[in-house]
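Engineer: Here you go, this is data_26.txt (compact mmCIF, C-alpha atoms and all ligand atoms).
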```txt
# COMPACT_ATOMS: atom_id res chain seq x y z
CA MET A 17 9.36 -137.68 -21.04
CA SER A 18 7.35 -135.36 -18.84
CA ARG A 19 3.56 -135.44 -19.32
CA LYS A 20 1.22 -132.63 -18.35
CA ILE A 21 -1.90 -133.74 -16.49
CA ALA A 22 -4.81 -131.32 -16.14
CA VAL A 23 -6.75 -132.06 -12.96
CA LEU A 24 -10.46 -131.21 -12.83
CA VAL A 25 -12.00 -131.41 -9.36
CA GLY A 26 -15.79 -131.55 -9.27
CA SER A 27 -16.11 -129.81 -5.91
CA LEU A 28 -15.60 -126.12 -5.25
CA ARG A 29 -15.60 -126.08 -1.48
CA LYS A 30 -12.44 -125.28 0.45
CA GLY A 31 -12.45 -128.47 2.51
CA SER A 32 -13.20 -130.71 -0.45
CA LEU A 33 -12.30 -134.34 0.14
CA ASN A 34 -12.00 -134.83 -3.61
CA ARG A 35 -9.42 -132.08 -3.81
CA LYS A 36 -7.50 -133.77 -1.00
CA VAL A 37 -7.64 -137.07 -2.88
CA ALA A 38 -6.40 -135.33 -6.04
CA GLU A 39 -3.54 -133.76 -4.09
CA ALA A 40 -2.68 -137.15 -2.60
CA VAL A 41 -2.56 -138.67 -6.10
CA ALA A 42 -0.23 -135.90 -7.28
CA LEU A 43 2.07 -136.63 -4.33
CA ALA A 44 1.97 -140.39 -4.95
CA ALA A 45 2.54 -140.19 -8.70
CA PRO A 46 5.74 -141.35 -10.35
CA GLY A 47 8.20 -138.75 -11.69
CA GLY A 48 7.42 -137.53 -15.15
CA LEU A 49 3.83 -136.51 -14.45
CA GLU A 50 3.26 -132.81 -13.97
CA PHE A 51 -0.13 -132.04 -12.40
CA SER A 52 -1.93 -128.72 -12.75
CA PHE A 53 -5.27 -128.03 -11.13
CA VAL A 54 -7.59 -126.26 -13.55
CA GLU A 55 -10.16 -123.81 -12.15
CA ILE A 56 -13.74 -124.61 -13.18
CA GLY A 57 -15.75 -122.62 -10.63
CA ASP A 58 -15.53 -119.38 -12.56
CA LEU A 59 -16.79 -120.71 -15.91
CA PRO A 60 -20.03 -119.01 -17.00
CA PHE A 61 -22.77 -121.55 -17.75
CA PHE A 62 -22.46 -122.91 -21.23
CA ASP A 63 -24.67 -121.00 -23.62
CA GLN A 64 -24.23 -121.58 -27.32
CA ASP A 65 -25.26 -117.97 -28.00
CA LEU A 66 -21.97 -116.83 -26.39
CA GLU A 67 -19.77 -118.68 -28.89
CA GLY A 68 -19.48 -115.63 -31.16
CA ALA A 69 -17.51 -113.85 -28.44
CA PRO A 70 -16.69 -116.53 -25.85
CA PRO A 71 -16.15 -115.42 -22.23
CA ALA A 72 -12.49 -115.03 -21.25
CA GLN A 73 -12.87 -117.81 -18.68
CA TRP A 74 -13.97 -120.25 -21.41
CA VAL A 75 -10.99 -119.29 -23.55
CA ARG A 76 -8.59 -119.71 -20.63
CA PHE A 77 -10.11 -123.09 -19.70
CA ARG A 78 -10.01 -124.40 -23.25
CA ASP A 79 -6.37 -123.31 -23.61
CA GLN A 80 -5.42 -125.06 -20.36
CA ILE A 81 -6.99 -128.34 -21.45
CA ARG A 82 -5.54 -128.05 -24.94
CA ALA A 83 -2.05 -127.68 -23.39
CA ALA A 84 -2.44 -130.85 -21.32
CA ASP A 85 -1.43 -134.34 -22.44
CA ALA A 86 -4.10 -136.03 -20.32
CA VAL A 87 -6.93 -135.21 -17.93
CA LEU A 88 -7.61 -136.53 -14.45
CA PHE A 89 -11.18 -136.10 -13.19
CA VAL A 90 -11.72 -136.29 -9.42
CA THR A 91 -15.32 -135.86 -8.47
CA PRO A 92 -17.91 -136.17 -5.75
CA GLU A 93 -21.29 -137.67 -6.45
CA TYR A 94 -24.25 -135.32 -6.28
CA ASN A 95 -27.63 -137.08 -6.35
CA ARG A 96 -26.04 -140.13 -7.99
CA SER A 97 -24.50 -138.07 -10.78
CA VAL A 98 -21.77 -135.55 -11.58
CA PRO A 99 -21.90 -132.10 -9.93
CA GLY A 100 -23.26 -129.44 -12.29
CA VAL A 101 -20.05 -127.43 -12.12
CA LEU A 102 -18.06 -130.30 -13.59
CA LYS A 103 -20.66 -131.05 -16.25
CA ASN A 104 -20.58 -127.39 -17.22
CA ALA A 105 -16.79 -127.52 -17.62
CA ILE A 106 -17.15 -130.59 -19.82
CA ASP A 107 -19.75 -128.84 -21.96
CA VAL A 108 -17.61 -125.69 -22.28
CA GLY A 109 -14.54 -127.72 -23.33
CA SER A 110 -16.49 -129.80 -25.81
CA ARG A 111 -17.58 -126.91 -28.03
CA PRO A 112 -17.64 -125.34 -30.62
CA TYR A 113 -18.73 -128.45 -32.52
CA GLY A 114 -15.72 -130.24 -33.99
CA GLN A 115 -13.24 -128.31 -31.84
CA SER A 116 -13.50 -130.16 -28.53
CA VAL A 117 -10.34 -129.68 -26.49
CA PHE A 118 -10.92 -133.08 -24.90
CA ASN A 119 -10.85 -135.06 -28.14
CA GLY A 120 -8.44 -138.00 -27.95
CA LYS A 121 -6.86 -137.06 -24.62
CA PRO A 122 -6.25 -139.94 -22.23
CA ALA A 123 -8.27 -139.65 -19.04
CA ALA A 124 -8.88 -141.23 -15.67
CA VAL A 125 -11.71 -140.92 -13.19
CA ILE A 126 -11.66 -140.97 -9.40
CA SER A 127 -14.76 -140.48 -7.32
CA ALA A 128 -14.69 -139.87 -3.59
CA SER A 129 -17.60 -139.69 -1.21
CA MET A 130 -18.44 -139.85 2.47
CA GLY A 131 -20.76 -142.70 1.49
CA ALA A 132 -19.78 -146.34 1.39
CA ILE A 133 -19.97 -146.79 -2.38
CA GLY A 134 -17.47 -144.05 -3.17
CA GLY A 135 -19.43 -142.12 -5.78
CA PHE A 136 -19.87 -145.10 -8.09
CA GLY A 137 -22.88 -143.46 -9.79
CA ALA A 138 -21.04 -140.22 -10.56
CA ASN A 139 -17.97 -142.13 -11.72
CA HIS A 140 -19.97 -144.04 -14.31
CA HIS A 141 -22.12 -141.11 -15.43
CA LEU A 142 -18.87 -139.28 -16.08
CA ARG A 143 -17.47 -142.21 -18.04
CA GLN A 144 -20.52 -141.99 -20.32
CA SER A 145 -19.58 -138.41 -21.26
CA LEU A 146 -15.91 -139.32 -21.69
CA ALA A 147 -16.83 -142.07 -24.14
CA PHE A 148 -18.76 -139.55 -26.21
CA LEU A 149 -15.83 -137.11 -26.00
CA ASN A 150 -13.47 -139.76 -27.42
CA MET A 151 -11.29 -139.79 -24.31
CA PRO A 152 -9.67 -143.19 -23.78
CA THR A 153 -10.31 -143.66 -20.07
CA LEU A 154 -8.25 -145.82 -17.71
CA PRO A 155 -10.37 -148.93 -17.14
CA SER A 156 -8.52 -150.31 -14.14
CA PRO A 157 -8.06 -149.90 -11.25
CA GLU A 158 -11.58 -148.52 -10.87
CA THR A 159 -11.22 -145.89 -8.18
CA TYR A 160 -14.13 -145.28 -5.84
CA ILE A 161 -12.95 -143.79 -2.57
CA GLY A 162 -15.63 -144.40 0.07
CA VAL A 163 -15.89 -143.04 3.61
CA ALA A 164 -13.44 -140.37 2.47
CA HIS A 165 -13.92 -138.16 5.51
CA GLU A 166 -12.02 -140.71 7.61
CA LEU A 167 -8.91 -140.77 5.46
CA PHE A 168 -7.30 -137.40 6.19
CA ASP A 169 -5.81 -135.75 9.26
CA GLU A 170 -6.72 -132.25 10.44
CA ALA A 171 -4.05 -130.70 8.23
CA GLY A 172 -5.63 -132.39 5.20
CA ALA A 173 -2.86 -134.98 4.73
CA LEU A 174 -3.71 -138.56 3.90
CA LYS A 175 -3.39 -140.68 7.03
CA ASN A 176 -4.59 -144.02 5.68
CA GLU A 177 -1.66 -146.10 4.39
CA GLN A 178 -3.84 -148.57 2.50
CA THR A 179 -5.39 -145.70 0.54
CA ARG A 180 -1.95 -144.22 -0.12
CA ALA A 181 -0.78 -147.56 -1.53
CA PHE A 182 -3.90 -147.79 -3.67
CA LEU A 183 -3.55 -144.24 -4.99
CA THR A 184 0.12 -144.96 -5.77
CA GLN A 185 -0.98 -147.99 -7.77
CA PHE A 186 -3.64 -145.88 -9.50
CA ALA A 187 -1.11 -143.14 -10.38
CA GLY A 188 1.32 -145.70 -11.83
CA ALA A 189 -1.45 -147.23 -13.93
CA PHE A 190 -2.55 -143.80 -15.16
CA ALA A 191 1.05 -142.90 -16.09
CA GLY A 192 1.33 -146.12 -18.10
CA TRP A 193 -2.09 -145.63 -19.68
CA THR A 194 -1.21 -142.07 -20.72
CA GLU A 195 2.04 -143.19 -22.35
CA THR A 196 0.34 -146.04 -24.20
CA GLN A 197 -2.50 -143.89 -25.50
CA LEU A 198 -0.26 -141.01 -26.52
CA GLY A 199 2.09 -143.49 -28.19
CA LYS A 200 -0.81 -144.86 -30.23
CA SER A 201 -1.88 -141.42 -31.40
CA GLU A 202 1.73 -140.44 -32.21
CA ALA A 203 2.05 -143.63 -34.28
CA ARG A 204 -1.18 -142.76 -36.14
CA ILE A 205 0.13 -139.28 -36.92
CA ALA A 206 3.47 -140.71 -38.19
CA ALA A 207 1.74 -143.28 -40.44
C1 LIG A 301 -26.01 -131.67 -3.40
C2 LIG A 301 -25.34 -132.89 -2.81
C3 LIG A 301 -25.71 -134.14 -3.25
C4 LIG A 301 -25.07 -135.28 -2.76
N1 LIG A 301 -25.39 -136.50 -3.26
C5 LIG A 301 -24.65 -137.58 -2.90
C6 LIG A 301 -24.83 -138.83 -3.57
O1 LIG A 301 -25.65 -138.98 -4.45
N2 LIG A 301 -24.03 -139.85 -3.20
C7 LIG A 301 -23.08 -139.73 -2.22
O2 LIG A 301 -22.37 -140.69 -1.94
N3 LIG A 301 -22.87 -138.56 -1.58
C8 LIG A 301 -23.64 -137.48 -1.91
N4 LIG A 301 -23.41 -136.27 -1.30
C9 LIG A 301 -22.41 -136.19 -0.22
C10 LIG A 301 -21.01 -135.97 -0.79
O3 LIG A 301 -20.46 -137.21 -1.10
C11 LIG A 301 -20.13 -135.29 0.26
O4 LIG A 301 -20.70 -134.04 0.59
C12 LIG A 301 -18.71 -135.15 -0.23
O5 LIG A 301 -17.89 -134.77 0.85
C13 LIG A 301 -18.62 -134.11 -1.34
O6 LIG A 301 -17.33 -134.07 -1.88
P1 LIG A 301 -16.27 -132.93 -1.47
O7 LIG A 301 -15.86 -133.22 -0.04
O8 LIG A 301 -15.14 -133.11 -2.43
O9 LIG A 301 -16.92 -131.60 -1.56
C14 LIG A 301 -24.05 -135.14 -1.75
C15 LIG A 301 -23.71 -133.86 -1.32
C16 LIG A 301 -24.33 -132.76 -1.83
C17 LIG A 301 -23.90 -131.38 -1.35
```
Would you mind writing the file out in structure tokens?
Ligand SMILES: Cc1cc2nc3c(=O)[nH]c(=O)nc-3n(C[C@H](O)[C@H](O)[C@H](O)COP(=O)(O)O)c2cc1C

Structural biologist:
Amino acid sequence: MSRKIAVLVGSLRKGSLNRKVAEAVALAAPGGLEFSFVEIGDLPFFDQDLEGAPPAQWVRFRDQIRAADAVLFVTPEYNRSVPGVLKNAIDVGSRPYGQSVFNGKPAAVISASMGAIGGFGANHHLRQSLAFLNMPTLPSPETYIGVAHELFDEAGALKNEQTRAFLTQFAGAFAGWTETQLGKSEARIAA
């Protein structure tokens, strides 16, 4: 069965290493996973006063997440946490209260950084939000991509074979995790 994966990239810049990592994961993934990159840079800041007539970009974003079977987060670390643009997208998707589009969707987190520790801080701050959002999040392999600026060629293609093998392993684990989690929720609905 084909599964739709919404990909949220926490960097907006054109040359984003995180976007390149996300694209490399999509290329490495087993058949049956369909990746779509969801725009988050155009989302107006979350403001509860706007809920009466939500901005069109919020509506579009919420619909895109709702249509996905699972969500892959690929993020840089900004000041040891998650970039504001990604946190804003999480806040937009999580409301109105009781109508979070993230609720119950399987997730996975990748962080990539030029630094040696691969965005560990951002990765775990993000996991804290995902726990609150009731998103069962792939525990292993933990995926911190360090020194990411050395992994790609000038055309933006992954040139490091060890990283490709690791991302292939990650993608296989995420595919399995998604099936298991969706199977559990389908079983709950049938019961
Ligand atoms: C505002 C800002 C804060 C940053 N803070 C961190 C940090 O806390 N840890 C880290 O490893 N890298 C940090 N960096 C460097 C990023 O890891 C690096 O710019 C990375 O390439 C950003 O991801 P991107 O290529 O996907 O845009 C920071 C960069 C910016 C612009």

Engineer: Please build the interface table for stretch 29-84 of chain A against stretch 178-194 of chain A with a cut-off of 12 Å, listing for each qualifying residue the nearest atom pair and the distance in Å to one decimal; count all atoms listed in the file, order rows by chain and increasing number, and write it as a tab-separated table.

Structural biologist:
```
residue	atom	partner	partner_atom	distance
A:Lys36	CA	A:Arg180	CA	11.9
A:Val37	CA	A:Leu183	CA	8.5
A:Ala38	CA	A:Leu183	CA	9.4
A:Glu39	CA	A:Leu183	CA	10.5
A:Ala40	CA	A:Arg180	CA	7.5
A:Val41	CA	A:Leu183	CA	5.8
A:Ala42	CA	A:Ala187	CA	7.9
A:Leu43	CA	A:Thr184	CA	8.7
A:Ala44	CA	A:Thr184	CA	5.0
A:Ala45	CA	A:Ala187	CA	5.0
A:Pro46	CA	A:Gly188	CA	6.4
A:Gly47	CA	A:Ala191	CA	9.4
A:Gly48	CA	A:Ala191	CA	8.4
A:Leu49	CA	A:Ala191	CA	7.2
A:Glu50	CA	A:Ala191	CA	10.5
A:Phe51	CA	A:Ala187	CA	11.3
A:Ala84	CA	A:Thr194	CA	11.3
```

Engineer: Which one of A:Met17, A:Ile106, A:Leu24, A:Ala69 sits closest to A:Ser145 if you count all atoms listed in the file?

Structural biologist: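 Closest residue, counting all atoms listed in the file: A:Ile106.
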
Engineer: Under the rule of at most 12 Å, produce a per-residue listing of stretch 57-112 of chain A near stretch 130-133 of chain A: chain, number, name, the closest pair of atoms, and the distance in Å, as a Markdown table, using all atoms listed in the file.

Structural biologist:
```
| residue | atom | partner | partner_atom | distance |
| --- | --- | --- | --- | --- |
| A:Pro92 | CA | A:Met130 | CA | 9.0 |
| A:Glu93 | CA | A:Gly131 | CA | 9.4 |
| A:Tyr94 | CA | A:Gly131 | CA | 11.3 |
| A:Asn95 | CA | A:Gly131 | CA | 11.8 |
| A:Arg96 | CA | A:Ile133 | CA | 10.6 |
```

Engineer: Which residue is closest to ligand LIG 301 (chain A)? Choose from A:Pro112, A:Gly172, A:Gly199, A:Gly137 and count all atoms listed in the file.

Structural biologist: A:Gly137

Engineer: Using only C-alpha atoms and all ligand atoms, determine which residues fall within 12 Å of ligand LIG 301 (chain A), then list them as a PyMOL selection string.

Structural biologist: chain A and resi 24-39+89-102+126-139+141+160-168+172

Engineer: Pull C-alpha atoms from the residues just selected and write them as a short mmCIF file (atom, residue, chain, number, x, y, z; two decimals), keeping the file's coordinate frame.

Structural biologist:
```cif
data_model
loop_
_atom_site.label_atom_id
_atom_site.label_comp_id
_atom_site.auth_asym_id
_atom_site.auth_seq_id
_atom_site.Cartn_x
_atom_site.Cartn_y
_atom_site.Cartn_z
CA LEU A 24 -10.46 -131.21 -12.83
CA VAL A 25 -12.00 -131.41 -9.36
CA GLY A 26 -15.79 -131.55 -9.27
CA SER A 27 -16.11 -129.81 -5.91
CA LEU A 28 -15.60 -126.12 -5.25
CA ARG A 29 -15.60 -126.08 -1.48
CA LYS A 30 -12.44 -125.28 0.45
CA GLY A 31 -12.45 -128.47 2.51
CA SER A 32 -13.20 -130.71 -0.45
CA LEU A 33 -12.30 -134.34 0.14
CA ASN A 34 -12.00 -134.83 -3.61
CA ARG A 35 -9.42 -132.08 -3.81
CA LYS A 36 -7.50 -133.77 -1.00
CA VAL A 37 -7.64 -137.07 -2.88
CA ALA A 38 -6.40 -135.33 -6.04
CA GLU A 39 -3.54 -133.76 -4.09
CA PHE A 89 -11.18 -136.10 -13.19
CA VAL A 90 -11.72 -136.29 -9.42
CA THR A 91 -15.32 -135.86 -8.47
CA PRO A 92 -17.91 -136.17 -5.75
CA GLU A 93 -21.29 -137.67 -6.45
CA TYR A 94 -24.25 -135.32 -6.28
CA ASN A 95 -27.63 -137.08 -6.35
CA ARG A 96 -26.04 -140.13 -7.99
CA SER A 97 -24.50 -138.07 -10.78
CA VAL A 98 -21.77 -135.55 -11.58
CA PRO A 99 -21.90 -132.10 -9.93
CA GLY A 100 -23.26 -129.44 -12.29
CA VAL A 101 -20.05 -127.43 -12.12
CA LEU A 102 -18.06 -130.30 -13.59
CA ILE A 126 -11.66 -140.97 -9.40
CA SER A 127 -14.76 -140.48 -7.32
CA ALA A 128 -14.69 -139.87 -3.59
CA SER A 129 -17.60 -139.69 -1.21
CA MET A 130 -18.44 -139.85 2.47
CA GLY A 131 -20.76 -142.70 1.49
CA ALA A 132 -19.78 -146.34 1.39
CA ILE A 133 -19.97 -146.79 -2.38
CA GLY A 134 -17.47 -144.05 -3.17
CA GLY A 135 -19.43 -142.12 -5.78
CA PHE A 136 -19.87 -145.10 -8.09
CA GLY A 137 -22.88 -143.46 -9.79
CA ALA A 138 -21.04 -140.22 -10.56
CA ASN A 139 -17.97 -142.13 -11.72
CA HIS A 141 -22.12 -141.11 -15.43
CA TYR A 160 -14.13 -145.28 -5.84
CA ILE A 161 -12.95 -143.79 -2.57
CA GLY A 162 -15.63 -144.40 0.07
CA VAL A 163 -15.89 -143.04 3.61
CA ALA A 164 -13.44 -140.37 2.47
CA HIS A 165 -13.92 -138.16 5.51
CA GLU A 166 -12.02 -140.71 7.61
CA LEU A 167 -8.91 -140.77 5.46
CA PHE A 168 -7.30 -137.40 6.19
CA GLY A 172 -5.63 -132.39 5.20
#
```

Engineer: To one decimal in Å, tell me the separation between atom CA of A:Trp74 and atom CA of A:Thr153.

Structural biologist: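 Going from atom CA of A:Trp74 over to atom CA of A:Thr153, I get 23.7 Å.
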